[in-house]
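The data block below is start.csv; it holds CSV, C-alpha atoms and all ligand atoms.
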```csv
chain,number,residue,atom,x,y,z
A,1,MET,CA,27.8,31.3,-15.3
A,2,GLN,CA,26.6,32.7,-12.0
A,3,ASN,CA,24.1,30.9,-9.8
A,4,GLU,CA,21.3,33.2,-10.6
A,5,GLU,CA,21.9,32.8,-14.3
A,6,ARG,CA,22.0,29.1,-13.9
A,7,ASN,CA,18.6,29.1,-12.1
A,8,GLN,CA,17.2,31.1,-15.0
A,9,VAL,CA,18.4,28.5,-17.5
A,10,ILE,CA,16.8,25.7,-15.5
A,11,GLU,CA,13.6,27.6,-15.4
A,12,LYS,CA,13.6,28.4,-19.1
A,13,THR,CA,14.5,24.8,-19.9
A,14,LEU,CA,11.6,23.6,-17.7
A,15,TYR,CA,9.1,25.7,-19.7
A,16,TYR,CA,10.7,24.7,-23.0
A,17,VAL,CA,10.4,21.0,-22.2
A,18,LYS,CA,6.9,21.4,-20.8
A,19,SER,CA,5.7,23.0,-24.0
A,20,LYS,CA,7.3,20.2,-26.0
A,21,PHE,CA,5.8,17.4,-24.0
A,22,GLU,CA,2.4,18.7,-23.1
A,23,GLY,CA,-0.3,16.5,-24.5
A,24,GLU,CA,2.1,13.6,-25.0
A,25,SER,CA,0.3,10.4,-23.7
A,26,THR,CA,2.6,7.5,-24.2
A,27,GLY,CA,3.9,7.6,-20.6
A,28,HIS,CA,6.7,9.9,-21.7
A,29,ASP,CA,4.7,13.0,-21.0
A,30,TRP,CA,5.7,16.2,-19.2
A,31,TRP,CA,4.9,14.7,-15.8
A,32,HIS,CA,7.3,11.9,-16.4
A,33,ILE,CA,10.0,14.5,-17.0
A,34,TYR,CA,8.9,16.4,-13.9
A,35,ARG,CA,9.1,13.2,-11.8
A,36,VAL,CA,12.6,12.4,-13.1
A,37,TRP,CA,13.8,15.9,-12.4
A,38,LYS,CA,12.5,15.8,-8.8
A,39,MET,CA,13.9,12.3,-8.2
A,40,ALA,CA,17.3,13.1,-9.7
A,41,LEU,CA,17.5,16.1,-7.3
A,42,ARG,CA,16.6,13.8,-4.4
A,43,ILE,CA,19.2,11.2,-5.3
A,44,ALA,CA,21.8,13.9,-5.9
A,45,GLU,CA,21.2,15.3,-2.4
A,46,GLU,CA,21.1,12.0,-0.7
A,47,GLU,CA,24.3,10.8,-2.4
A,48,GLY,CA,25.9,13.9,-1.0
A,49,ARG,CA,29.0,13.8,-3.1
A,50,ASN,CA,30.4,16.5,-5.3
A,51,VAL,CA,27.6,16.4,-7.8
A,52,ASP,CA,27.0,19.2,-10.3
A,53,LEU,CA,23.3,20.0,-9.7
A,54,PHE,CA,23.2,22.2,-12.8
A,55,VAL,CA,24.2,19.3,-15.0
A,56,VAL,CA,21.9,16.9,-13.2
A,57,GLN,CA,18.9,19.1,-13.6
A,58,LEU,CA,19.5,20.0,-17.2
A,59,ALA,CA,20.0,16.4,-18.2
A,60,ALA,CA,16.9,15.3,-16.2
A,61,LEU,CA,14.8,17.9,-17.9
A,62,LEU,CA,16.1,17.2,-21.4
A,63,HIS,CA,16.6,13.5,-21.2
A,64,ASP,CA,13.7,12.5,-23.4
A,65,LEU,CA,13.8,15.4,-25.8
A,66,ASP,CA,15.9,13.5,-28.4
A,67,ASP,CA,14.8,10.0,-27.4
A,68,TRP,CA,15.8,7.8,-30.3
A,69,LYS,CA,12.4,6.0,-30.0
A,70,PHE,CA,10.8,9.3,-31.0
A,71,SER,CA,13.2,11.0,-33.3
A,72,LYS,CA,15.5,9.7,-36.0
A,73,ASN,CA,18.6,11.5,-34.9
A,74,SER,CA,21.0,9.5,-32.7
A,75,GLU,CA,22.8,12.7,-31.7
A,76,PRO,CA,20.9,14.8,-29.2
A,77,LYS,CA,20.5,17.6,-31.6
A,78,GLN,CA,17.7,19.5,-30.0
A,79,THR,CA,19.3,19.3,-26.6
A,80,LYS,CA,22.6,20.7,-28.0
A,81,GLU,CA,20.8,23.5,-29.9
A,82,TRP,CA,18.8,24.5,-26.8
A,83,LEU,CA,21.8,24.6,-24.5
A,84,GLU,CA,23.9,26.6,-26.9
A,85,LYS,CA,21.1,29.0,-27.4
A,86,SER,CA,20.8,29.4,-23.7
A,87,GLY,CA,24.4,30.4,-23.4
A,88,VAL,CA,25.5,27.4,-21.3
A,89,GLU,CA,29.3,26.7,-21.1
A,90,LYS,CA,30.7,24.3,-23.6
A,91,SER,CA,31.8,21.8,-21.0
A,92,VAL,CA,28.2,21.7,-19.6
A,93,VAL,CA,26.7,21.3,-23.1
A,94,SER,CA,28.9,18.3,-23.9
A,95,HIS,CA,28.3,16.7,-20.5
A,96,VAL,CA,24.6,17.0,-20.7
A,97,CYS,CA,24.5,15.8,-24.3
A,98,ASP,CA,26.7,12.9,-23.3
A,99,ILE,CA,24.1,11.9,-20.6
A,100,VAL,CA,21.0,12.3,-22.7
A,101,GLY,CA,22.6,10.5,-25.6
A,102,ASN,CA,23.3,7.4,-23.5
A,103,ILE,CA,20.3,7.3,-21.2
A,104,SER,CA,17.6,5.2,-22.8
A,105,PHE,CA,16.9,1.6,-22.0
A,106,LYS,CA,18.0,-0.4,-25.1
A,107,GLY,CA,17.2,-3.8,-23.7
A,108,VAL,CA,18.8,-5.9,-21.0
A,109,LYS,CA,21.6,-6.9,-23.2
A,110,VAL,CA,22.7,-3.4,-24.2
A,111,LYS,CA,24.6,-1.7,-21.5
A,112,ALA,CA,24.2,2.0,-21.5
A,113,GLU,CA,26.9,2.9,-19.0
A,114,MET,CA,27.2,6.3,-17.6
A,115,LYS,CA,30.6,7.7,-17.1
A,116,THR,CA,29.9,10.4,-14.6
A,117,MET,CA,28.0,10.6,-11.3
A,118,GLU,CA,25.6,13.1,-12.8
A,119,GLY,CA,24.8,10.6,-15.6
A,120,LYS,CA,24.3,7.7,-13.2
A,121,ILE,CA,21.9,9.8,-11.1
A,122,VAL,CA,19.7,10.9,-14.0
A,123,GLN,CA,19.7,7.3,-15.4
A,124,ASP,CA,18.6,6.0,-12.1
A,125,ALA,CA,15.9,8.6,-11.7
A,126,ASP,CA,14.6,7.7,-15.2
A,127,ARG,CA,14.6,4.0,-14.5
A,128,LEU,CA,12.9,4.4,-11.1
A,129,ASP,CA,10.0,6.1,-12.9
A,130,ALA,CA,9.3,2.8,-14.7
A,131,MET,CA,9.0,1.0,-11.3
A,132,GLY,CA,6.5,1.0,-8.5
A,133,ALA,CA,2.9,2.2,-8.7
A,134,VAL,CA,3.8,4.9,-11.3
A,135,GLY,CA,5.7,2.3,-13.3
A,136,ILE,CA,2.7,0.0,-13.4
A,137,ALA,CA,0.5,2.8,-14.6
A,138,ARG,CA,2.9,3.8,-17.3
A,139,CYS,CA,3.3,0.2,-18.4
A,140,PHE,CA,-0.4,-0.1,-19.2
A,141,THR,CA,-0.6,3.3,-20.8
A,142,THR,CA,2.3,2.5,-23.1
A,143,GLY,CA,0.6,-0.8,-23.8
A,144,THR,CA,-2.5,0.9,-25.2
A,145,LYS,CA,-0.3,3.0,-27.4
A,146,PHE,CA,1.4,-0.1,-28.9
A,147,ASN,CA,-1.8,-2.1,-29.1
A,148,ARG,CA,-0.7,-4.6,-26.4
A,149,GLN,CA,-3.3,-6.7,-24.6
A,150,ILE,CA,-3.3,-6.4,-20.8
A,151,TYR,CA,-2.2,-10.0,-20.6
A,152,ASP,CA,-2.0,-13.1,-22.8
A,153,PRO,CA,-1.8,-16.2,-20.7
A,154,THR,CA,-1.1,-18.4,-23.7
A,155,LYS,CA,2.4,-17.0,-24.0
A,156,ASN,CA,5.3,-17.9,-21.6
A,157,LEU,CA,5.9,-15.1,-19.1
A,158,ASN,CA,9.6,-15.7,-19.0
A,159,LYS,CA,10.3,-15.8,-22.7
A,160,ILE,CA,11.7,-12.4,-23.6
A,161,VAL,CA,10.5,-11.2,-27.0
A,162,TYR,CA,10.8,-7.5,-26.4
A,163,ASP,CA,11.5,-5.5,-29.5
A,164,LEU,CA,12.5,-2.0,-28.4
A,165,ARG,CA,12.1,-0.2,-31.7
A,166,LYS,CA,8.5,-1.4,-31.8
A,167,ASN,CA,8.1,-1.5,-28.1
A,168,TYR,CA,6.7,-4.9,-28.6
A,169,SER,CA,5.9,-7.4,-25.9
A,170,TYR,CA,3.3,-10.2,-25.9
A,171,SER,CA,1.3,-8.2,-23.4
A,172,SER,CA,1.7,-5.5,-20.8
A,173,ILE,CA,2.1,-8.1,-18.1
A,174,HIS,CA,4.9,-9.7,-20.2
A,175,HIS,CA,6.5,-6.3,-20.3
A,176,PHE,CA,6.9,-6.5,-16.6
A,177,TYR,CA,9.1,-9.6,-17.1
A,178,ASP,CA,11.2,-8.2,-20.0
A,179,LYS,CA,11.8,-4.8,-18.5
A,180,LEU,CA,10.2,-3.6,-15.2
A,181,LEU,CA,11.4,-6.5,-13.1
A,182,LEU,CA,15.0,-6.2,-14.4
A,183,LEU,CA,15.4,-2.6,-13.5
A,184,LYS,CA,16.2,-3.1,-9.8
A,185,ASP,CA,19.6,-4.7,-10.7
A,186,LEU,CA,20.5,-1.9,-13.1
A,187,MET,CA,20.6,0.9,-10.5
A,188,ASN,CA,23.9,2.8,-10.2
A,189,THR,CA,23.6,4.7,-6.9
A,190,LYS,CA,23.1,3.5,-3.4
A,191,THR,CA,20.1,5.8,-2.9
A,192,ALA,CA,18.4,4.5,-6.1
A,193,LYS,CA,19.1,0.9,-5.1
A,194,LYS,CA,17.2,1.4,-1.9
A,195,ILE,CA,14.2,3.0,-3.6
A,196,ALA,CA,14.3,0.4,-6.3
A,197,GLU,CA,14.1,-2.5,-3.8
A,198,GLU,CA,10.9,-1.1,-2.4
A,199,ARG,CA,9.3,-0.4,-5.8
A,200,HIS,CA,10.3,-3.8,-7.0
A,201,LYS,CA,8.5,-5.5,-4.1
A,202,PHE,CA,5.4,-3.5,-4.9
A,203,ILE,CA,5.5,-4.7,-8.5
A,204,GLU,CA,5.9,-8.3,-7.4
A,205,GLN,CA,2.9,-8.0,-5.1
A,206,PHE,CA,0.9,-6.5,-7.9
A,207,LEU,CA,1.8,-9.3,-10.3
A,208,ASP,CA,1.1,-12.0,-7.7
A,209,ARG,CA,-2.3,-10.6,-7.1
A,210,PHE,CA,-3.0,-9.9,-10.8
A,211,LEU,CA,-2.3,-13.5,-11.8
A,212,LYS,CA,-4.3,-14.9,-8.9
A,213,GLU,CA,-7.3,-12.7,-9.8
A,214,TRP,CA,-6.8,-13.8,-13.4
A,215,ASP,CA,-7.4,-17.4,-12.4
A,216,GLY,CA,-10.3,-16.5,-10.1
A,217,LYS,CA,-8.3,-17.4,-7.1
A,218,LEU,CA,-8.7,-14.0,-5.3
B,1,NI,NI,12.5,9.1,-19.6
```
Could you take the file, read its structure, and then write that structure out as structure tokens?
Ligand code: NI
Amino acid sequence: MQNEERNQVIEKTLYYVKSKFEGESTGHDWWHIYRVWKMALRIAEEEGRNVDLFVVQLAALLHDLDDWKFSKNSEPKQTKEWLEKSGVEKSVVSHVCDIVGNISFKGVKVKAEMKTMEGKIVQDADRLDAMGAVGIARCFTTGTKFNRQIYDPTKNLNKIVYDLRKNYSYSSIHHFYDKLLLLKDLMNTKTAKKIAEERHKFIEQFLDRFLKEWDGKL
């Protein structure tokens, strides 16, 4: 595929995904996809190695389309169909499907390792979006969707009860401890590690302040 043709595929994919995700409100909305796409491009550029930007962009844009939390298929069926329909080379189809099939966070104990640099980059970008100010906002939004309280001080903060299928945590603040605070150590690339450090600190500051306010200390 020529460059121009590739750009057209990216653009078409962008509109396809946008139409699929518009109106979604669990924190996995179109703007999440958009941020992951932008961040994946930034990481790819800063890493500066031989990264296939076509694969990175397609995987970033399609990474939540077949999310197993939302669809019953464990194979990224929609992604595969879309790419084949778009006339993308077989090797690219299988690379992108491999990435999107492996990307989601399945709990701290389940390692979803990415084999290629492109996969590592998209996974990092997706995980970074659950951190920092945006990550905090998303955490509470998802909390509403799953009927979580903002915080339940009667439950131990360090006891992990996260059930991913149900997206269950004692409260949204508990979800910081069973997911958000663990992401920093899961980054693959140097660039993402640096960004994650910064975002992690911000979450810690937020939690510190939140818990103090909760007890009327601030
Ligand atoms: Ni995502």
With a distance cut-off of 6 Å and all atoms listed in the file, select the neighbouring residues of stretch 89-100 of chain A, excluding the residue or stretch itself and same-chain residues fewer than 3 positions from it, and output the selection as a PDB file with C-alpha atoms, in the frame of the given file.
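Here's the written file out-v4.pdb:
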```pdb
ATOM      1  CA  ALA A  59      20.000  16.400 -18.200  1.00  0.00           C
ATOM      2  CA  HIS A  63      16.600  13.500 -21.200  1.00  0.00           C
ATOM      3  CA  ILE A 103      20.300   7.300 -21.200  1.00  0.00           C
ATOM      4  CA  GLY A 119      24.800  10.600 -15.600  1.00  0.00           C
TER       5      GLY A 119
END
```
### Message
Calculated over all atoms listed in the file, which of the candidates A:Ile203, A:Val56, A:Ile136, A:Leu183 has the smallest distance to A:Thr116?
### Response
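Among the listed residues, the smallest separation from A:Thr116 belongs to A:Val56.
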### Message
Could you check the closest approach to A:Leu211 for each of A:Trp37, A:His174, A:Arg148, A:Lys193 and tell me which residue wins, using only C-alpha atoms?
### Response
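Checking each of A:Trp37, A:His174, A:Arg148, A:Lys193 against A:Leu211, counting only C-alpha atoms, the winner is A:His174.
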### Task
Output the neighbourhood of ligand NI 1 (chain B) as a count of residues only, that is, all protein and nucleic acid residues with some atom at most 12 Å from the ligand, counting only C-alpha atoms and all ligand atoms.
45
### Message
One decimal, in Å: what's the spacing between atom CA of A:Gln149 and atom CA of A:Arg199?
### Response
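Here the two named atoms are 23.5 Å from each other.
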### Task
Go through A:Val9, A:Val17, A:Met131, A:Asn50 and flag the residue nearest A:Ile195, using all atoms listed in the file for the distances.
A:Met131
### Point-to-point distance from atom CA of A:Lys20 to atom CA of A:Leu186, Å rounded to tenths
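Computed distance, atom CA of A:Lys20 to atom CA of A:Leu186, equals 28.8 Å.
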Take every atom of stretch 88-104 of chain A listed in the file, pad by 5 Å on each side, and give me the axis-aligned box centre and edge lengths in Å, one decimal, as JSON.
```
{"center_x": 24.7, "center_y": 16.3, "center_z": -22.6, "size_x": 24.2, "size_y": 32.2, "size_z": 16.0}
```
### Query
Between atom CA of A:Arg49 and atom CA of A:Met114, what is the spacing in Å?
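Atom CA of A:Arg49 lies at a distance of 16.4 Å from atom CA of A:Met114.
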Tell me, as a tab-separated table (two decimals) with C-alpha atoms, in the coordinates of the input, which residues lie within 10 Å of A:Glu204, counting only C-alpha atoms; anything in the same chain fewer than 4 positions away does not count.
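Result saved to selection-v8.tsv:
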```
chain	number	residue	atom	x	y	z
A	132	GLY	CA	6.50	1.00	-8.50
A	176	PHE	CA	6.90	-6.50	-16.60
A	181	LEU	CA	11.40	-6.50	-13.10
A	199	ARG	CA	9.30	-0.40	-5.80
A	200	HIS	CA	10.30	-3.80	-7.00
A	208	ASP	CA	1.10	-12.00	-7.70
A	209	ARG	CA	-2.30	-10.60	-7.10
A	210	PHE	CA	-3.00	-9.90	-10.80
```
#### Entry: Proximity to A:Gln78 - best of A:Thr142, A:Asn156, A:Thr13, A:Thr191, only C-alpha atoms
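Of A:Thr142, A:Asn156, A:Thr13, A:Thr191, the one nearest A:Gln78, counting only C-alpha atoms, is A:Thr13.
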### Message
Residues within 12 Å of A:Lys12, please, as a count of residues only. Count all atoms listed in the file; anything in the same chain fewer than 6 positions from it doesn't count.
### Response
12
### Message
Here is a test: counting all atoms listed in the file, which residue of A:Phe146, A:Asp178, A:Val55, A:Ser171 is nearest to A:Lys159?
### Response
A:Asp178
